[in-house]
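Dropping model_12.txt in here (compact mmCIF, C-alpha atoms):
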# COMPACT_ATOMS: atom_id res chain seq x y z
CA HIS A 1 70.92 112.39 103.74
CA MET A 2 70.61 109.01 101.98
CA LEU A 3 74.40 108.91 101.57
CA VAL A 4 74.91 109.80 105.23
CA SER A 5 72.51 107.07 106.38
CA ARG A 6 74.23 104.51 104.15
CA ILE A 7 77.84 105.35 104.92
CA ALA A 8 77.77 106.55 108.54
CA PRO A 9 77.56 103.04 110.06
CA ILE A 10 80.61 102.01 108.02
CA ALA A 11 82.43 105.19 109.01
CA GLY A 12 82.10 104.23 112.65
CA LEU A 13 84.55 101.38 112.22
CA LEU A 14 88.29 101.79 112.46
CA ASP A 15 90.69 99.38 110.83
CA GLY A 16 90.53 96.44 113.22
CA ASP A 17 94.23 96.21 114.05
CA ALA A 18 94.82 99.93 114.62
CA GLN A 19 95.26 101.51 118.03
CA VAL A 20 95.42 105.08 119.29
CA VAL A 21 97.56 105.68 122.36
CA PRO A 22 98.64 108.81 124.26
CA LEU A 23 102.20 109.83 123.52
CA GLY A 24 104.59 108.87 126.28
CA GLY A 25 106.39 111.61 128.17
CA PRO A 26 105.75 115.34 128.11
CA ARG A 27 105.11 117.01 124.77
CA SER A 28 107.66 119.60 123.71
CA ASP A 29 104.94 122.27 123.65
CA ARG A 30 103.47 121.36 127.06
CA GLY A 31 102.74 124.43 129.15
CA GLU A 32 102.24 126.85 126.24
CA PRO A 33 99.27 127.52 123.93
CA VAL A 34 98.91 125.02 121.08
CA THR A 35 97.08 125.44 117.77
CA VAL A 36 96.66 122.54 115.36
CA ALA A 37 94.85 123.11 112.06
CA VAL A 38 94.10 121.35 108.80
CA ILE A 39 93.38 123.42 105.69
CA MET A 40 91.68 121.19 103.13
CA GLY A 41 91.77 122.68 99.65
CA GLU A 42 89.33 121.76 96.87
CA SER A 43 90.33 120.43 93.43
CA ILE A 44 93.93 121.62 93.81
CA THR A 45 96.45 120.42 91.21
CA PRO A 46 99.91 121.28 92.55
CA LEU A 47 101.54 120.37 89.25
CA ARG A 48 100.06 123.56 87.77
CA MET A 49 101.69 125.66 90.51
CA SER A 50 105.15 127.10 89.94
CA LEU A 51 105.95 126.24 93.56
CA TYR A 52 106.01 122.62 92.37
CA GLY A 53 107.71 123.28 89.05
CA GLY A 54 104.41 123.37 87.19
CA SER A 55 103.27 124.78 83.87
CA GLY A 56 104.52 128.20 82.85
CA THR A 57 100.90 129.19 82.23
CA GLY A 58 99.92 128.48 85.84
CA PRO A 59 100.15 130.98 88.71
CA ASP A 60 103.66 131.77 89.87
CA SER A 61 102.79 131.23 93.55
CA PRO A 62 104.42 134.45 94.84
CA LEU A 63 102.60 134.42 98.18
CA ILE A 64 103.17 130.75 98.92
CA ARG A 65 106.74 130.90 97.63
CA ARG A 66 107.41 133.80 100.01
CA ARG A 67 106.12 131.68 102.88
CA ALA A 68 108.31 128.78 101.80
CA ASP A 69 111.41 131.00 101.58
CA GLN A 70 111.08 132.40 105.10
CA THR A 71 113.85 131.75 107.60
CA GLY A 72 111.66 132.08 110.70
CA PRO A 73 109.97 131.91 113.01
CA PHE A 74 107.48 130.16 110.70
CA ARG A 75 108.58 127.72 108.03
CA LEU A 76 106.52 126.26 105.20
CA THR A 77 107.60 122.88 103.84
CA ALA A 78 105.86 121.89 100.59
CA LYS A 79 105.75 118.41 99.06
CA LEU A 80 103.67 116.50 96.54
CA GLY A 81 101.15 114.40 98.43
CA LEU A 82 98.34 111.91 97.86
CA SER A 83 94.71 112.39 98.88
CA ALA A 84 92.34 109.71 100.15
CA GLY A 85 90.01 109.69 97.14
CA THR A 86 89.19 110.93 93.65
CA GLY A 87 86.44 113.25 94.93
CA THR A 88 85.49 115.14 98.08
CA LEU A 89 82.95 112.56 99.23
CA ALA A 90 85.56 109.82 98.87
CA SER A 91 88.42 111.64 100.57
CA VAL A 92 87.34 114.00 103.36
CA PRO A 93 85.48 111.49 105.59
CA THR A 94 88.39 109.07 105.22
CA PHE A 95 90.88 111.78 106.15
CA LEU A 96 88.92 112.81 109.24
CA ARG A 97 88.85 109.15 110.32
CA VAL A 98 92.65 108.85 109.96
CA SER A 99 92.06 105.62 108.05
CA TYR A 100 95.02 103.84 106.46
CA ALA A 101 93.23 101.18 104.41
CA PRO A 102 89.65 101.67 103.17
CA ARG A 103 88.27 98.57 104.83
CA ALA A 104 85.49 98.44 107.42
CA ALA A 105 86.55 96.05 110.21
CA ALA A 106 85.61 95.77 113.85
CA GLY A 107 87.12 98.49 115.98
CA ARG A 108 86.39 101.63 117.91
CA PRO A 109 85.41 104.96 116.30
CA LEU A 110 88.14 107.50 115.71
CA THR A 111 88.13 111.04 114.36
CA LEU A 112 90.58 113.88 114.68
CA PHE A 113 87.87 115.82 116.47
CA ARG A 114 87.27 113.12 119.06
CA LEU A 115 90.98 113.02 119.84
CA ALA A 116 91.17 116.81 120.02
CA LYS A 117 88.29 116.94 122.50
CA ALA A 118 89.84 114.17 124.59
CA ALA A 119 93.06 116.21 124.73
CA GLY A 120 91.22 119.35 125.91
CA PHE A 121 91.25 121.30 122.63
CA ARG A 122 88.48 123.67 121.59
CA THR A 123 87.35 122.43 118.17
CA TYR A 124 86.17 124.22 115.02
CA TYR A 125 84.78 122.98 111.71
CA VAL A 126 84.59 125.85 109.22
CA SER A 127 83.68 125.04 105.63
CA ALA A 128 82.75 126.96 102.50
CA GLN A 129 81.07 123.70 101.47
CA HIS A 130 78.43 121.53 103.14
CA MET A 131 78.98 119.88 106.51
CA ARG A 132 77.82 116.50 105.11
CA PHE A 133 81.40 115.32 104.69
CA GLY A 134 82.03 115.79 108.39
CA GLU A 135 78.68 114.21 109.22
CA ILE A 136 79.62 111.08 107.30
CA ALA A 137 82.84 110.88 109.30
CA GLY A 138 80.87 111.33 112.52
CA VAL A 139 82.68 114.43 113.80
CA THR A 140 79.64 116.56 114.69
CA PRO A 141 79.30 115.57 118.39
CA ASP A 142 82.90 116.63 119.03
CA VAL A 143 82.82 120.05 117.31
CA ASP A 144 82.42 123.10 119.53
CA ARG A 145 81.73 125.59 116.75
CA ILE A 146 80.52 124.90 113.20
CA ASP A 147 79.72 127.04 110.20
CA ASP A 148 79.25 125.88 106.62
CA ALA A 149 77.27 126.37 103.41
CA SER A 150 74.09 124.93 104.91
CA ARG A 151 74.13 127.63 107.59
CA SER A 152 75.68 130.62 105.80
CA ALA A 153 75.01 130.23 102.07
CA ALA A 154 74.31 133.94 101.53
CA ARG A 155 77.45 135.01 103.34
CA ILE A 156 79.58 132.56 101.37
CA ALA A 157 78.06 133.79 98.10
CA LEU A 158 79.13 137.31 99.06
CA ARG A 159 82.53 136.63 100.64
CA ARG A 160 83.52 133.39 98.90
CA ASP A 161 86.37 131.68 100.75
CA GLU A 162 87.14 134.84 102.73
CA PHE A 163 84.15 133.62 104.77
CA LEU A 164 86.49 131.04 106.31
CA LEU A 165 88.79 133.74 107.65
CA ASP A 166 85.81 135.75 108.91
CA ARG A 167 84.45 132.85 110.93
CA LEU A 168 87.81 131.76 112.32
CA GLU A 169 88.41 135.28 113.58
CA ASP A 170 84.90 135.39 115.12
CA PHE A 171 85.16 131.97 116.75
CA PHE A 172 88.68 132.35 118.12
CA ALA A 173 87.88 135.80 119.54
CA ALA A 174 84.74 134.50 121.26
CA ASP A 175 86.45 131.64 123.08
CA PRO A 176 88.84 131.77 126.04
CA ASP A 177 92.51 131.10 125.49
CA GLY A 178 93.55 127.48 125.30
CA PRO A 179 94.52 124.79 122.80
CA ARG A 180 92.63 124.98 119.49
CA PHE A 181 92.00 122.47 116.71
CA ALA A 182 90.46 123.71 113.45
CA PHE A 183 89.45 121.93 110.27
CA VAL A 184 89.07 124.45 107.43
CA HIS A 185 87.53 123.28 104.15
CA GLN A 186 87.87 125.62 101.19
CA ARG A 187 85.57 125.85 98.17
CA VAL A 188 88.25 127.22 95.86
CA ASN A 189 89.11 125.76 93.30
CA HIS A 190 85.91 123.87 92.48
CA ALA A 191 84.32 124.35 89.06
CA PRO A 192 83.20 126.82 87.80
CA TYR A 193 86.66 128.05 88.66
CA ARG A 194 86.19 131.78 88.09
CA ALA A 195 83.24 131.77 90.50
CA ASN A 196 85.72 131.30 93.35
CA CYS A 197 87.22 134.76 92.72
CA ALA A 198 85.93 138.28 93.14
CA GLU A 199 85.36 140.00 89.79
CA ALA A 200 88.25 142.38 90.53
CA ASP A 201 90.58 139.37 90.64
CA GLN A 202 89.48 137.97 87.28
CA PRO A 203 91.60 139.05 84.31
CA PRO A 204 89.87 139.32 80.95
CA VAL A 205 89.71 136.29 78.71
CA PRO A 206 92.13 136.60 75.77
CA PRO A 207 90.40 136.91 72.39
CA GLY A 208 89.96 133.56 70.73
CA ALA A 209 90.46 131.50 73.88
CA SER A 210 88.21 128.47 73.78
CA GLY A 211 87.99 124.80 74.63
CA THR A 212 90.84 123.36 76.66
CA ASP A 213 92.81 126.63 76.65
CA ARG A 214 89.86 128.52 78.12
CA ARG A 215 89.25 125.86 80.76
CA ARG A 216 92.89 125.87 81.82
CA LEU A 217 92.94 129.65 81.96
CA ASP A 218 89.84 129.66 84.16
CA TYR A 219 91.36 126.97 86.37
CA ASP A 220 94.62 128.89 86.78
CA ILE A 221 92.71 132.06 87.69
CA GLY A 222 90.90 130.10 90.39
CA LEU A 223 94.18 128.55 91.51
CA ALA A 224 95.69 132.01 92.01
CA CYS A 225 92.68 132.89 94.18
CA TYR A 226 93.28 129.67 96.15
CA GLU A 227 96.83 130.75 96.84
CA THR A 228 95.67 134.20 98.01
CA ASN A 229 93.12 132.67 100.37
CA LEU A 230 95.61 130.11 101.65
CA ASP A 231 98.16 132.85 102.35
CA ARG A 232 95.60 134.80 104.39
CA LEU A 233 94.62 131.71 106.36
CA LEU A 234 98.28 130.99 107.12
CA ALA A 235 98.73 134.62 108.23
CA PHE A 236 95.78 134.18 110.63
CA PHE A 237 97.29 131.09 112.23
CA ALA A 238 100.72 132.75 112.37
CA ARG A 239 99.24 135.29 114.80
CA ARG A 240 98.34 132.56 117.28
CA PRO A 241 100.50 132.38 120.41
CA GLY A 242 102.60 129.37 121.31
CA ALA A 243 103.16 126.31 119.13
CA VAL A 244 101.38 126.27 115.79
CA HIS A 245 101.15 123.32 113.40
CA VAL A 246 99.08 123.85 110.23
CA PHE A 247 98.73 120.98 107.75
CA VAL A 248 97.72 121.95 104.20
CA THR A 249 96.44 119.47 101.65
CA ALA A 250 93.48 118.99 99.29
CA ASP A 251 90.59 116.58 98.83
CA HIS A 252 91.71 115.70 95.28
CA SER A 253 93.28 117.31 92.22
CA GLU A 254 91.66 118.30 88.93
CA PHE A 255 92.21 117.29 85.32
CA THR A 256 92.33 120.22 82.90
CA GLY A 257 92.93 118.20 79.75
CA GLU A 258 95.86 116.08 80.95
CA ARG A 259 95.66 112.68 79.26
CA GLY A 260 92.43 113.88 77.62
CA GLN A 261 90.53 114.11 80.93
CA PHE A 262 88.63 116.94 82.63
CA GLY A 263 87.36 117.31 86.20
CA HIS A 264 87.73 114.65 88.90
CA PHE A 265 86.17 111.35 90.05
CA ILE A 266 88.49 109.79 87.47
CA ASP A 267 90.11 106.39 88.03
CA ASP A 268 93.63 107.72 87.64
CA VAL A 269 96.31 108.31 90.27
CA TYR A 270 96.88 111.81 88.85
CA ASN A 271 93.46 112.60 90.38
CA VAL A 272 94.90 112.22 93.91
CA VAL A 273 98.23 114.07 93.50
CA VAL A 274 97.70 117.07 95.79
CA PRO A 275 99.68 119.62 97.80
CA ALA A 276 101.07 118.48 101.14
CA MET A 277 102.44 121.27 103.30
CA LEU A 278 103.38 121.90 106.90
CA PHE A 279 103.39 125.46 108.25
CA THR A 280 104.87 125.67 111.73
CA ASN A 281 106.84 127.86 114.10
CA ARG A 282 108.45 124.75 115.57
CA PRO A 283 110.69 123.73 112.63
CA ASP A 284 112.88 121.56 114.87
CA SER A 285 109.95 119.71 116.45
CA ASP A 286 109.23 116.00 116.15
CA ILE A 287 106.25 116.88 113.91
CA ALA A 288 108.41 118.87 111.50
CA ARG A 289 111.14 116.23 111.36
CA ARG A 290 108.65 113.48 110.65
CA PHE A 291 106.97 115.49 107.90
CA ALA A 292 110.33 116.29 106.29
CA ALA A 293 111.17 112.58 106.18
CA LEU A 294 108.03 111.63 104.22
CA ASP A 295 108.01 110.90 100.48
CA TRP A 296 104.64 111.53 98.82
CA PRO A 297 102.83 112.24 102.14
CA THR A 298 99.46 110.49 102.06
CA ALA A 299 96.18 111.56 103.64
CA TYR A 300 96.74 108.93 106.31
CA GLU A 301 100.29 110.13 107.05
CA ILE A 302 99.18 113.76 107.31
CA GLY A 303 96.27 112.75 109.56
CA ALA A 304 98.62 110.68 111.71
CA LEU A 305 100.92 113.70 112.14
CA ALA A 306 97.93 115.87 113.09
CA THR A 307 97.03 113.17 115.61
CA ARG A 308 100.55 113.34 117.02
CA ALA A 309 100.30 117.13 117.28
CA LEU A 310 97.16 116.58 119.39
CA GLY A 311 99.13 114.35 121.74
CA TYR A 312 98.30 110.86 120.45
CA GLU A 313 99.84 108.24 118.19
CA VAL A 314 98.03 106.07 115.66
CA ARG A 315 99.57 102.60 115.54
CA ASP A 316 98.53 100.38 112.66
CA PRO A 317 100.67 97.25 112.29
CA ASN A 318 99.59 97.05 108.64
CA TYR A 319 101.08 100.45 107.83
CA ASP A 320 103.87 100.38 105.25
CA PRO A 321 105.38 103.78 104.33
CA SER A 322 105.90 102.57 100.75
CA ARG A 323 102.28 101.47 100.32
CA PHE A 324 99.19 103.68 100.11
CA PHE A 325 95.46 103.43 99.47
CA PHE A 326 92.79 105.75 98.14
CA ASN A 327 89.09 105.47 97.42
CA HIS A 328 87.37 105.66 94.07
CA THR A 329 84.14 107.69 94.24
CA MET A 330 82.91 106.82 97.76
CA PRO A 331 84.64 106.63 101.14
CA PHE A 332 85.64 103.47 102.99
CA GLY A 333 85.99 101.38 99.83
CA VAL A 334 82.23 101.35 99.16
CA ALA A 335 82.77 101.95 95.42
CA GLY A 336 86.12 100.23 95.16
CA HIS A 337 89.60 101.43 95.99
CA PHE A 338 93.18 101.70 94.77
CA GLN A 339 96.33 100.26 96.31
CA GLY A 340 99.65 101.77 95.33
CA ARG A 341 103.36 101.71 95.95
CA LYS A 342 105.79 104.60 96.12
CA ILE A 343 108.53 103.34 93.83
CA ASP A 344 110.75 106.43 94.22
CA ALA A 345 110.48 110.21 94.48
CA THR A 346 108.93 110.48 91.01
CA THR A 347 107.22 107.13 90.36
CA LEU A 348 104.06 105.41 91.62
CA SER A 349 102.54 102.04 90.76
CA VAL A 350 98.79 101.59 91.41
CA GLU A 351 96.26 98.75 91.19
CA GLN A 352 92.53 99.47 91.02
CA TYR A 353 90.19 97.13 92.90
CA ALA A 354 86.45 96.62 92.47
CA PRO A 355 84.29 96.47 95.65
CA ASP A 356 84.37 92.65 95.41
CA GLY A 357 88.19 92.64 95.42
CA ARG A 358 88.83 92.02 91.71
CA VAL A 359 91.82 93.81 90.21
CA LEU A 360 90.52 96.05 87.42
CA LYS A 361 93.73 97.57 86.11
CA THR A 362 97.32 98.48 86.93
CA GLN A 363 98.77 101.92 86.31
CA HIS A 364 102.25 103.41 86.52
CA PHE A 365 102.75 107.13 87.02
CA ASN A 366 105.97 109.08 86.54
CA LEU A 367 106.31 112.81 87.11
CA ALA A 368 108.90 113.18 84.38
CA THR A 369 106.94 111.49 81.58
CA ASP A 370 103.21 111.44 82.49
CA VAL A 371 102.50 115.09 83.29
CA PRO A 372 102.43 117.80 80.60
CA ARG A 373 104.62 120.75 81.62
Once more with this new file: its structure as structure tokens, please.
Amino acid sequence: HMLVSRIAPIAGLLDGDAQVVPLGGPRSDRGEPVTVAVIMGESITPLRMSLYGGSGTGPDSPLIRRRADQTGPFRLTAKLGLSAGTGTLASVPTFLRVSYAPRAAAGRPLTLFRLAKAAGFRTYYVSAQHMRFGEIAGVTPDVDRIDDASRSAARIALRRDEFLLDRLEDFFAADPDGPRFAFVHQRVNHAPYRANCAEADQPPVPPGASGTDRRRLDYDIGLACYETNLDRLLAFFARRPGAVHVFVTADHSEFTGERGQFGHFIDDVYNVVVPAMLFTNRPDSDIARRFAALDWPTAYEIGALATRALGYEVRDPNYDPSRFFFNHTMPFGVAGHFQGRKIDATTLSVEQYAPDGRVLKTQHFNLATDVPR
């Protein structure tokens, strides 16, 4: 509550030069049901997934790979993306605010939920974590149905992330037909990683496994459970009528010994390399074409595409597709931020800034040389 009271006033400010305008002309999906969803994973390191060419010891992503290999009507496009912060508190409120740069300047409030309500969508916030991240962003007044760990802790302890599917099915069945916007926040794959999986899904620990090997094994077991849960969530949305656009990303990634680091909240760009996926039955739509054209889709770019799917456009004259920002440990630049450049498809250059604007360090990141395979 102290964090909410401190940050909420800052969260109410949009970058001063940004504007949100209705899209001109009729939308391609006008006149049919529309579902827009964001699935926000937790501590997901795509570079340990075989889908992204990751470690041979990681899960082989059979469910997600099957989705990606489909020819229709649904298509899954998977890329490496960049989150808005090194931890959940730093990233999720910023994502929900569709904020390009982590500065607090004069402007009007904006959240994905406010736009969805203005466009006539029924709105849902379903989280296996606490609602505080949405509260900091200021989404609560614009959410029609909410469930989270503060309301359903016992049910989440029993069902784990399957709780998310349970509640989506309940909520969607209870409401009349119409456009829907859902924000779904997973708990998997937060430490302790095995706790995210039912015991039946946990293979035995090999004899002698300890230290970094044991931690990576536990992480990969949790990552496989993430993929199972994600596949079931995608299957739920695939049953929706009409146009469906589901954006999949994560709040941050997780170190499992890479460069000698463990966990997250680490001042390293590797900490924000996350999945970025679009699952849609409109593969020739403007949304799909724009997503396909992105290199290293950022939290802002994914949020801007979700905004477009809701019928609006975010216009920020400061936006540069080669430049990106992310927060350190708090949202909206409160604890400092990072500014980076996308050099090419494999290389990033990042500067870390203190809250007072001092440059603390510069880092270069290359997929070919900086990530153990």
Requested in this report: Could you give me, as a ChimeraX atom specification, the residues within 12 Å of Arg214 of chain A, counting only C-alpha atoms and dropping anything in the same chain fewer than 2 positions from it?
Outcome: /A:57,192-194,204-212,216-221,256-257
Query raised in the report: Between A:Ser43, A:Phe133, A:Leu348, A:Ala153, which one has atoms that come closest to Phe262 of chain A, using all atoms listed in the file?
Result: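 Checking each of A:Ser43, A:Phe133, A:Leu348, A:Ala153 against Phe262 of chain A, counting all atoms listed in the file, the winner is A:Ser43.
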Query - Long-range neighbours of Phe365 of chain A as a ChimeraX atom specification, 9 Å cut-off, all atoms listed in the file, 5 positions minimum in chain - result: /A:269-270,346-350,370-371
Requested in this report: Write out as JSON, numbers by chain which residues come within 10 Å of segment 175-178 of chain A when counting all atoms listed in the file, dropping same-chain ones fewer than 4 positions away.
Outcome: {"A": [32, 33, 34, 35, 120, 121, 122, 145, 170, 171, 241]}
Please tabulate, as JSON lines, the residues of segment 220-265 of chain A that come within 12 Å of segment 314-331 of chain A, each with its closest pair of atoms and the distance in Å to one decimal, counting all atoms listed in the file and ordering rows by chain, then residue number upward.
{"residue": "A:Asp251", "atom": "CA", "partner": "A:Phe326", "partner_atom": "CA", "distance": 11.1}
{"residue": "A:His252", "atom": "CA", "partner": "A:Phe326", "partner_atom": "CA", "distance": 10.4}
{"residue": "A:His264", "atom": "CA", "partner": "A:Thr329", "partner_atom": "CA", "distance": 9.5}
{"residue": "A:Phe265", "atom": "CA", "partner": "A:Thr329", "partner_atom": "CA", "distance": 5.9}
File of the preceding selection, C-alpha atoms, as a PDB file, in the frame of the given file:
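Just written: part-v9.pdb:
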ATOM      1  CA  ASP A 251      90.590 116.580  98.830  1.00  0.00           C
ATOM      2  CA  HIS A 252      91.710 115.700  95.280  1.00  0.00           C
ATOM      3  CA  HIS A 264      87.730 114.650  88.900  1.00  0.00           C
ATOM      4  CA  PHE A 265      86.170 111.350  90.050  1.00  0.00           C
TER       5      PHE A 265
END
**Report entry** Gap from atom CA of Ala119 of chain A to atom CA of Ser83 of chain A - Å, one decimal
**Finding:**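 Computing the Euclidean distance for atom CA of Ala119 of chain A and atom CA of Ser83 of chain A yields 26.2 Å.
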Requested in this report: Determine, counting all atoms listed in the file, every residue of protein, DNA or RNA that lies within 8 Å of (89.3, 123.1, 115.2) in the file coordinates, then give the result as a ChimeraX atom specification.
Outcome: /A:36-37,113,121-125,143,180-184
From the block I gave, I'd like segment 119-173 of chain A written with C-alpha atoms, as a short mmCIF file (atom, residue, chain, number, x, y, z; two decimals), in the first residue's frame.
data_model
loop_
_atom_site.label_atom_id
_atom_site.label_comp_id
_atom_site.auth_asym_id
_atom_site.auth_seq_id
_atom_site.Cartn_x
_atom_site.Cartn_y
_atom_site.Cartn_z
CA ALA A 119 -14.42 1.35 -27.13
CA GLY A 120 -17.26 -0.67 -25.57
CA PHE A 121 -15.27 -3.76 -24.54
CA ARG A 122 -16.09 -5.85 -21.48
CA THR A 123 -12.86 -5.93 -19.46
CA TYR A 124 -11.21 -8.62 -17.32
CA TYR A 125 -8.15 -8.62 -15.08
CA VAL A 126 -7.30 -12.17 -14.03
CA SER A 127 -4.06 -12.75 -12.14
CA ALA A 128 -2.42 -15.59 -10.24
CA GLN A 129 -0.52 -12.80 -8.49
CA HIS A 130 -1.65 -9.72 -6.57
CA MET A 131 -3.71 -6.96 -8.16
CA ARG A 132 -1.30 -4.31 -6.80
CA PHE A 133 0.46 -4.02 -10.15
CA GLY A 134 -2.80 -3.05 -11.82
CA GLU A 135 -3.64 -0.72 -8.94
CA ILE A 136 -0.38 1.15 -9.42
CA ALA A 137 -1.23 1.59 -13.09
CA GLY A 138 -4.70 2.83 -12.14
CA VAL A 139 -6.72 0.26 -14.09
CA THR A 140 -9.17 -0.77 -11.36
CA PRO A 141 -12.02 1.69 -12.16
CA ASP A 142 -12.15 0.38 -15.73
CA VAL A 143 -12.18 -3.37 -14.99
CA ASP A 144 -15.54 -5.14 -15.12
CA ARG A 145 -14.39 -8.39 -13.52
CA ILE A 146 -11.32 -9.01 -11.36
CA ASP A 147 -9.86 -12.01 -9.61
CA ASP A 148 -6.37 -12.35 -8.16
CA ALA A 149 -4.29 -13.76 -5.30
CA SER A 150 -5.74 -11.31 -2.78
CA ARG A 151 -9.23 -12.66 -3.48
CA SER A 152 -8.61 -16.33 -4.29
CA ALA A 153 -5.38 -17.38 -2.58
CA ALA A 154 -6.71 -20.82 -1.57
CA ARG A 155 -7.97 -21.57 -5.05
CA ILE A 156 -4.68 -20.54 -6.62
CA ALA A 157 -2.76 -22.71 -4.15
CA LEU A 158 -4.87 -25.66 -5.29
CA ARG A 159 -5.11 -24.99 -9.03
CA ARG A 160 -1.94 -22.95 -9.61
CA ASP A 161 -2.10 -21.16 -12.96
CA GLU A 162 -5.00 -23.31 -14.13
CA PHE A 163 -6.96 -20.88 -11.93
CA LEU A 164 -6.59 -18.34 -14.74
CA LEU A 165 -8.37 -20.60 -17.20
CA ASP A 166 -11.08 -21.39 -14.63
CA ARG A 167 -11.88 -17.74 -14.06
CA LEU A 168 -11.78 -16.76 -17.73
CA GLU A 169 -14.27 -19.51 -18.51
CA ASP A 170 -16.50 -18.39 -15.61
CA PHE A 171 -16.35 -14.70 -16.49
CA PHE A 172 -16.84 -15.08 -20.24
CA ALA A 173 -19.78 -17.46 -19.73
#
